[in-house]
Amino acid sequence: MQLNKFTDYALRILMYVSRPSEMPYTIAEIARDLHVSQNHLVKIVHFMAKQEWIITTRGKGGGLRLNPKALDLTLGKIVRILQGDHQIVECNTPPCVLRSHCGLKGILDDALESFYQTLDQYTLADVLAAPPSTSSHSAIAFISIS
């Protein structure tokens, strides 16, 4: 499973804005600290605001805050929404001549579902409370970012 940059940055933003702060976080601040372009973050923040995962406020003193309800979201739900209709392998475009005698797509689809089922066991709050895992068997250890 490969997470796209949109998903990677969105997860980082959710964790970033979950930290206690007297003032809302700004796009400029997050971009600087995460080393991501402001233009890219604006698109991601807009998407997450539409999902009601973050609360945005315009004007002086405005910025971003985590919607407390987002803490109860499972990582599986968050990643499914961020990744969209992502398939590990596409057999129809271009059409693969091996389709009629291949079981790979079904196996990969099962693996993807297992990946999401593992993520469904954890909420955003769990990620924020847990120390980094050192287990080499962690499902997240197999993620690469494109």
# chains A, B, ... in the order shown; residues from 1 in each chain; ligands from 1

$ residues_around --residues "Thr57 of chain A" --least-positions-apart "5" --cutoff "12 Å" --atoms "only C-alpha atoms" --output "NGL selection string"
:A and (23-27 or 45-46 or 49 or 62-66)

$ write_last_selection --atoms "C-alpha atoms" --output "mmCIF file, in the first residue's frame"
data_model
loop_
_atom_site.group_PDB
_atom_site.id
_atom_site.type_symbol
_atom_site.label_atom_id
_atom_site.label_comp_id
_atom_site.auth_asym_id
_atom_site.auth_seq_id
_atom_site.Cartn_x
_atom_site.Cartn_y
_atom_site.Cartn_z
ATOM 1 C CA MET A 23 -3.923 30.431 19.428
ATOM 2 C CA PRO A 24 -5.161 28.651 16.299
ATOM 3 C CA TYR A 25 -2.443 27.306 14.020
ATOM 4 C CA THR A 26 -1.806 29.089 10.725
ATOM 5 C CA ILE A 27 -1.119 27.619 7.295
ATOM 6 C CA VAL A 45 -6.951 22.074 4.791
ATOM 7 C CA HIS A 46 -9.927 23.052 2.632
ATOM 8 C CA ALA A 49 -12.581 21.496 6.737
ATOM 9 C CA GLY A 62 -7.871 33.083 12.829
ATOM 10 C CA GLY A 63 -6.375 29.793 11.846
ATOM 11 C CA LEU A 64 -6.946 26.077 12.292
ATOM 12 C CA ARG A 65 -8.039 23.936 15.180
ATOM 13 C CA LEU A 66 -8.817 20.264 15.386
#

$ select_by_dssp --residues "segment 28-68 of chain A" --states "helix (DSSP H, G or I)" --output "list in words"
Ala28, Glu29, Ile30, Ala31, Arg32, Asp33, Leu34, Gln38, Asn39, His40, Leu41, Val42, Lys43, Ile44, Val45, His46, Phe47, Met48, Ala49, Lys50 and Pro68 of chain A

$ write_last_selection --atoms "N, CA, C and O atoms" --output "mmCIF file, in the first residue's frame"
data_model
loop_
_atom_site.group_PDB
_atom_site.id
_atom_site.type_symbol
_atom_site.label_atom_id
_atom_site.label_comp_id
_atom_site.auth_asym_id
_atom_site.auth_seq_id
_atom_site.Cartn_x
_atom_site.Cartn_y
_atom_site.Cartn_z
ATOM 1 N N ALA A 28 0.765 29.152 7.315
ATOM 2 C CA ALA A 28 2.188 29.509 7.189
ATOM 3 C C ALA A 28 3.030 28.773 8.229
ATOM 4 O O ALA A 28 4.103 28.250 7.911
ATOM 5 N N GLU A 29 2.550 28.728 9.446
ATOM 6 C CA GLU A 29 3.268 28.045 10.526
ATOM 7 C C GLU A 29 3.393 26.544 10.246
ATOM 8 O O GLU A 29 4.466 25.959 10.389
ATOM 9 N N ILE A 30 2.296 25.936 9.838
ATOM 10 C CA ILE A 30 2.303 24.492 9.566
ATOM 11 C C ILE A 30 3.215 24.193 8.379
ATOM 12 O O ILE A 30 4.009 23.243 8.415
ATOM 13 N N ALA A 31 3.113 24.994 7.326
ATOM 14 C CA ALA A 31 3.953 24.795 6.135
ATOM 15 C C ALA A 31 5.430 24.880 6.498
ATOM 16 O O ALA A 31 6.235 24.055 6.056
ATOM 17 N N ARG A 32 5.768 25.859 7.304
ATOM 18 C CA ARG A 32 7.164 26.031 7.715
ATOM 19 C C ARG A 32 7.645 24.826 8.520
ATOM 20 O O ARG A 32 8.692 24.256 8.236
ATOM 21 N N ASP A 33 6.865 24.420 9.493
ATOM 22 C CA ASP A 33 7.291 23.337 10.376
ATOM 23 C C ASP A 33 7.289 21.966 9.701
ATOM 24 O O ASP A 33 8.119 21.109 10.017
ATOM 25 N N LEU A 34 6.357 21.738 8.780
ATOM 26 C CA LEU A 34 6.282 20.447 8.097
ATOM 27 C C LEU A 34 7.047 20.429 6.775
ATOM 28 O O LEU A 34 7.110 19.391 6.114
ATOM 29 N N GLN A 38 2.770 26.092 1.095
ATOM 30 C CA GLN A 38 1.507 26.639 1.597
ATOM 31 C C GLN A 38 0.370 26.347 0.618
ATOM 32 O O GLN A 38 -0.738 26.046 1.041
ATOM 33 N N ASN A 39 0.646 26.446 -0.677
ATOM 34 C CA ASN A 39 -0.398 26.200 -1.670
ATOM 35 C C ASN A 39 -0.952 24.785 -1.543
ATOM 36 O O ASN A 39 -2.161 24.577 -1.650
ATOM 37 N N HIS A 40 -0.069 23.821 -1.340
ATOM 38 C CA HIS A 40 -0.521 22.438 -1.199
ATOM 39 C C HIS A 40 -1.332 22.277 0.093
ATOM 40 O O HIS A 40 -2.371 21.610 0.108
ATOM 41 N N LEU A 41 -0.870 22.899 1.164
ATOM 42 C CA LEU A 41 -1.586 22.791 2.439
ATOM 43 C C LEU A 41 -2.967 23.422 2.378
ATOM 44 O O LEU A 41 -3.900 22.910 2.997
ATOM 45 N N VAL A 42 -3.112 24.496 1.650
ATOM 46 C CA VAL A 42 -4.426 25.152 1.531
ATOM 47 C C VAL A 42 -5.446 24.178 0.964
ATOM 48 O O VAL A 42 -6.569 24.075 1.462
ATOM 49 N N LYS A 43 -5.070 23.422 -0.061
ATOM 50 C CA LYS A 43 -5.982 22.446 -0.667
ATOM 51 C C LYS A 43 -6.358 21.355 0.334
ATOM 52 O O LYS A 43 -7.524 20.953 0.423
ATOM 53 N N ILE A 44 -5.382 20.887 1.072
ATOM 54 C CA ILE A 44 -5.623 19.814 2.035
ATOM 55 C C ILE A 44 -6.488 20.313 3.185
ATOM 56 O O ILE A 44 -7.448 19.650 3.587
ATOM 57 N N VAL A 45 -6.178 21.490 3.692
ATOM 58 C CA VAL A 45 -6.951 22.074 4.791
ATOM 59 C C VAL A 45 -8.386 22.320 4.358
ATOM 60 O O VAL A 45 -9.333 22.038 5.106
ATOM 61 N N HIS A 46 -8.573 22.826 3.143
ATOM 62 C CA HIS A 46 -9.927 23.052 2.632
ATOM 63 C C HIS A 46 -10.714 21.737 2.601
ATOM 64 O O HIS A 46 -11.870 21.680 3.037
ATOM 65 N N PHE A 47 -10.071 20.681 2.107
ATOM 66 C CA PHE A 47 -10.722 19.371 2.056
ATOM 67 C C PHE A 47 -11.091 18.891 3.463
ATOM 68 O O PHE A 47 -12.200 18.423 3.707
ATOM 69 N N MET A 48 -10.159 19.011 4.397
ATOM 70 C CA MET A 48 -10.419 18.525 5.764
ATOM 71 C C MET A 48 -11.464 19.378 6.478
ATOM 72 O O MET A 48 -12.234 18.853 7.283
ATOM 73 N N ALA A 49 -11.532 20.645 6.164
ATOM 74 C CA ALA A 49 -12.581 21.496 6.737
ATOM 75 C C ALA A 49 -13.952 21.073 6.227
ATOM 76 O O ALA A 49 -14.924 21.045 6.986
ATOM 77 N N LYS A 50 -14.027 20.696 4.925
ATOM 78 C CA LYS A 50 -15.292 20.214 4.375
ATOM 79 C C LYS A 50 -15.708 18.895 5.035
ATOM 80 O O LYS A 50 -16.898 18.621 5.171
ATOM 81 N N PRO A 68 -12.804 18.544 17.894
ATOM 82 C CA PRO A 68 -12.684 17.468 18.891
ATOM 83 C C PRO A 68 -13.363 16.166 18.463
ATOM 84 O O PRO A 68 -12.937 15.084 18.857
#

$ residues_around --residues "Gln51 of chain A" --least-positions-apart "6" --cutoff "10 Å" --atoms "only C-alpha atoms" --output "JSON list (two decimals) with all heavy atoms, in the first residue's frame"
[["chain", "number", "residue", "atom", "x", "y", "z"],
["A", 45, "VAL", "N", -6.18, 21.49, 3.69],
["A", 45, "VAL", "CA", -6.95, 22.07, 4.79],
["A", 45, "VAL", "C", -8.39, 22.32, 4.36],
["A", 45, "VAL", "O", -9.33, 22.04, 5.11],
["A", 45, "VAL", "CB", -6.28, 23.37, 5.30],
["A", 45, "VAL", "CG1", -7.22, 24.19, 6.16],
["A", 45, "VAL", "CG2", -5.00, 23.03, 6.06],
["A", 70, "ALA", "N", -13.15, 14.80, 15.67],
["A", 70, "ALA", "CA", -12.23, 14.06, 14.80],
["A", 70, "ALA", "C", -11.39, 13.06, 15.59],
["A", 70, "ALA", "O", -10.91, 12.08, 15.03],
["A", 70, "ALA", "CB", -11.31, 15.03, 14.05],
["A", 78, "ILE", "N", -10.35, 7.67, 7.98],
["A", 78, "ILE", "CA", -9.62, 8.85, 7.51],
["A", 78, "ILE", "C", -8.83, 8.54, 6.24],
["A", 78, "ILE", "O", -8.93, 9.26, 5.25],
["A", 78, "ILE", "CB", -8.67, 9.38, 8.62],
["A", 78, "ILE", "CG1", -9.47, 9.91, 9.81],
["A", 78, "ILE", "CG2", -7.74, 10.46, 8.07],
["A", 78, "ILE", "CD1", -8.64, 10.21, 11.04],
["A", 81, "ILE", "N", -11.00, 7.89, 3.09],
["A", 81, "ILE", "CA", -11.53, 9.14, 2.53],
["A", 81, "ILE", "C", -10.43, 9.91, 1.81],
["A", 81, "ILE", "O", -10.62, 10.41, 0.69],
["A", 81, "ILE", "CB", -12.19, 10.00, 3.62],
["A", 81, "ILE", "CG1", -13.48, 9.32, 4.10],
["A", 81, "ILE", "CG2", -12.47, 11.42, 3.12],
["A", 81, "ILE", "CD1", -14.09, 9.94, 5.34]]

$ residues_around --residues "Ala129 of chain A" --least-positions-apart "3" --cutoff "12 Å" --atoms "only C-alpha atoms" --output "list in words"
Met15, Ser18, Arg19, Leu71, Tyr122, Thr123, Leu124, Ala125, Asp126, Pro132 and Ser133 of chain A

$ closest_residue --among "A:Ile55, A:Val17, A:Leu75, A:Leu104" --to "Glu90 of chain A" --atoms "only C-alpha atoms"
A:Leu104

$ atom_distance --atom1 "atom CA of Val127 of chain A" --atom2 "atom CA of Glu22 of chain A"
21.9 Å

$ closest_residue --among "A:Tyr16, A:Gln2, A:Asp120, A:Val89" --to "Gly103 of chain A" --atoms "only C-alpha atoms"
A:Val89

$ select_by_dssp --residues "segment 1-127 of chain A" --states "strand (DSSP E)" --output "JSON list (two decimals) with all heavy atoms, in the first residue's frame"
[["chain", "number", "residue", "atom", "x", "y", "z"],
["A", 2, "GLN", "N", 0.55, 2.14, -0.85],
["A", 2, "GLN", "CA", 1.32, 3.37, -0.93],
["A", 2, "GLN", "C", 0.38, 4.55, -0.71],
["A", 2, "GLN", "O", -0.58, 4.73, -1.46],
["A", 2, "GLN", "CB", 2.01, 3.47, -2.28],
["A", 2, "GLN", "CG", 2.96, 4.60, -2.38],
["A", 2, "GLN", "CD", 3.78, 4.53, -3.65],
["A", 2, "GLN", "OE1", 3.43, 3.81, -4.59],
["A", 2, "GLN", "NE2", 4.86, 5.25, -3.69],
["A", 3, "LEU", "N", 0.64, 5.32, 0.33],
["A", 3, "LEU", "CA", -0.17, 6.51, 0.59],
["A", 3, "LEU", "C", 0.30, 7.64, -0.32],
["A", 3, "LEU", "O", 1.50, 7.83, -0.51],
["A", 3, "LEU", "CB", -0.03, 6.95, 2.04],
["A", 3, "LEU", "CG", -0.53, 6.00, 3.12],
["A", 3, "LEU", "CD1", -0.36, 6.62, 4.50],
["A", 3, "LEU", "CD2", -1.97, 5.61, 2.89],
["A", 54, "ILE", "N", -11.38, 19.56, 10.83],
["A", 54, "ILE", "CA", -10.74, 20.73, 11.42],
["A", 54, "ILE", "C", -11.72, 21.90, 11.34],
["A", 54, "ILE", "O", -12.63, 21.91, 10.53],
["A", 54, "ILE", "CB", -9.40, 21.09, 10.74],
["A", 54, "ILE", "CG1", -9.60, 21.35, 9.25],
["A", 54, "ILE", "CG2", -8.35, 20.03, 10.98],
["A", 54, "ILE", "CD1", -8.36, 21.88, 8.56],
["A", 55, "ILE", "N", -11.48, 22.86, 12.20],
["A", 55, "ILE", "CA", -12.29, 24.07, 12.24],
["A", 55, "ILE", "C", -11.40, 25.22, 11.80],
["A", 55, "ILE", "O", -10.31, 25.40, 12.35],
["A", 55, "ILE", "CB", -12.84, 24.32, 13.66],
["A", 55, "ILE", "CG1", -13.70, 23.13, 14.09],
["A", 55, "ILE", "CG2", -13.59, 25.63, 13.73],
["A", 55, "ILE", "CD1", -14.00, 23.10, 15.58],
["A", 56, "THR", "N", -11.85, 25.97, 10.81],
["A", 56, "THR", "CA", -11.06, 27.10, 10.32],
["A", 56, "THR", "C", -11.77, 28.40, 10.68],
["A", 56, "THR", "O", -12.99, 28.48, 10.67],
["A", 56, "THR", "CB", -10.86, 27.03, 8.79],
["A", 56, "THR", "OG1", -12.14, 27.07, 8.15],
["A", 56, "THR", "CG2", -10.14, 25.75, 8.40],
["A", 57, "THR", "N", -10.95, 29.40, 10.99],
["A", 57, "THR", "CA", -11.45, 30.72, 11.32],
["A", 57, "THR", "C", -10.66, 31.74, 10.51],
["A", 57, "THR", "O", -9.43, 31.70, 10.51],
["A", 57, "THR", "CB", -11.28, 31.03, 12.82],
["A", 57, "THR", "OG1", -11.82, 29.95, 13.58],
["A", 57, "THR", "CG2", -11.98, 32.32, 13.20],
["A", 63, "GLY", "N", -7.28, 30.89, 12.13],
["A", 63, "GLY", "CA", -6.38, 29.79, 11.85],
["A", 63, "GLY", "C", -7.12, 28.47, 11.91],
["A", 63, "GLY", "O", -8.32, 28.41, 11.66],
["A", 64, "LEU", "N", -6.40, 27.43, 12.29],
["A", 64, "LEU", "CA", -6.95, 26.08, 12.29],
["A", 64, "LEU", "C", -6.93, 25.48, 13.69],
["A", 64, "LEU", "O", -5.99, 25.67, 14.44],
["A", 64, "LEU", "CB", -6.10, 25.15, 11.41],
["A", 64, "LEU", "CG", -5.64, 25.64, 10.07],
["A", 64, "LEU", "CD1", -4.65, 24.66, 9.47],
["A", 64, "LEU", "CD2", -6.83, 25.79, 9.17],
["A", 65, "ARG", "N", -7.96, 24.73, 13.95],
["A", 65, "ARG", "CA", -8.04, 23.94, 15.18],
["A", 65, "ARG", "C", -8.61, 22.58, 14.81],
["A", 65, "ARG", "O", -9.39, 22.45, 13.88],
["A", 65, "ARG", "CB", -8.95, 24.58, 16.21],
["A", 65, "ARG", "CG", -8.41, 25.86, 16.81],
["A", 65, "ARG", "CD", -9.19, 26.22, 18.06],
["A", 65, "ARG", "NE", -8.79, 27.48, 18.61],
["A", 65, "ARG", "CZ", -7.73, 27.64, 19.42],
["A", 65, "ARG", "NH1", -6.99, 26.63, 19.74],
["A", 65, "ARG", "NH2", -7.44, 28.83, 19.90],
["A", 66, "LEU", "N", -8.25, 21.59, 15.58],
["A", 66, "LEU", "CA", -8.82, 20.26, 15.39],
["A", 66, "LEU", "C", -10.24, 20.26, 15.91],
["A", 66, "LEU", "O", -10.51, 20.78, 17.01],
["A", 66, "LEU", "CB", -7.98, 19.22, 16.14],
["A", 66, "LEU", "CG", -8.44, 17.78, 15.98],
["A", 66, "LEU", "CD1", -8.12, 17.28, 14.57],
["A", 66, "LEU", "CD2", -7.77, 16.89, 17.01]]

$ atom_distance --atom1 "atom CA of Gln83 of chain A" --atom2 "atom CA of Asn67 of chain A"
20.6 Å

$ atom_distance --atom1 "atom CA of Val97 of chain A" --atom2 "atom CA of Leu112 of chain A"
23.1 Å
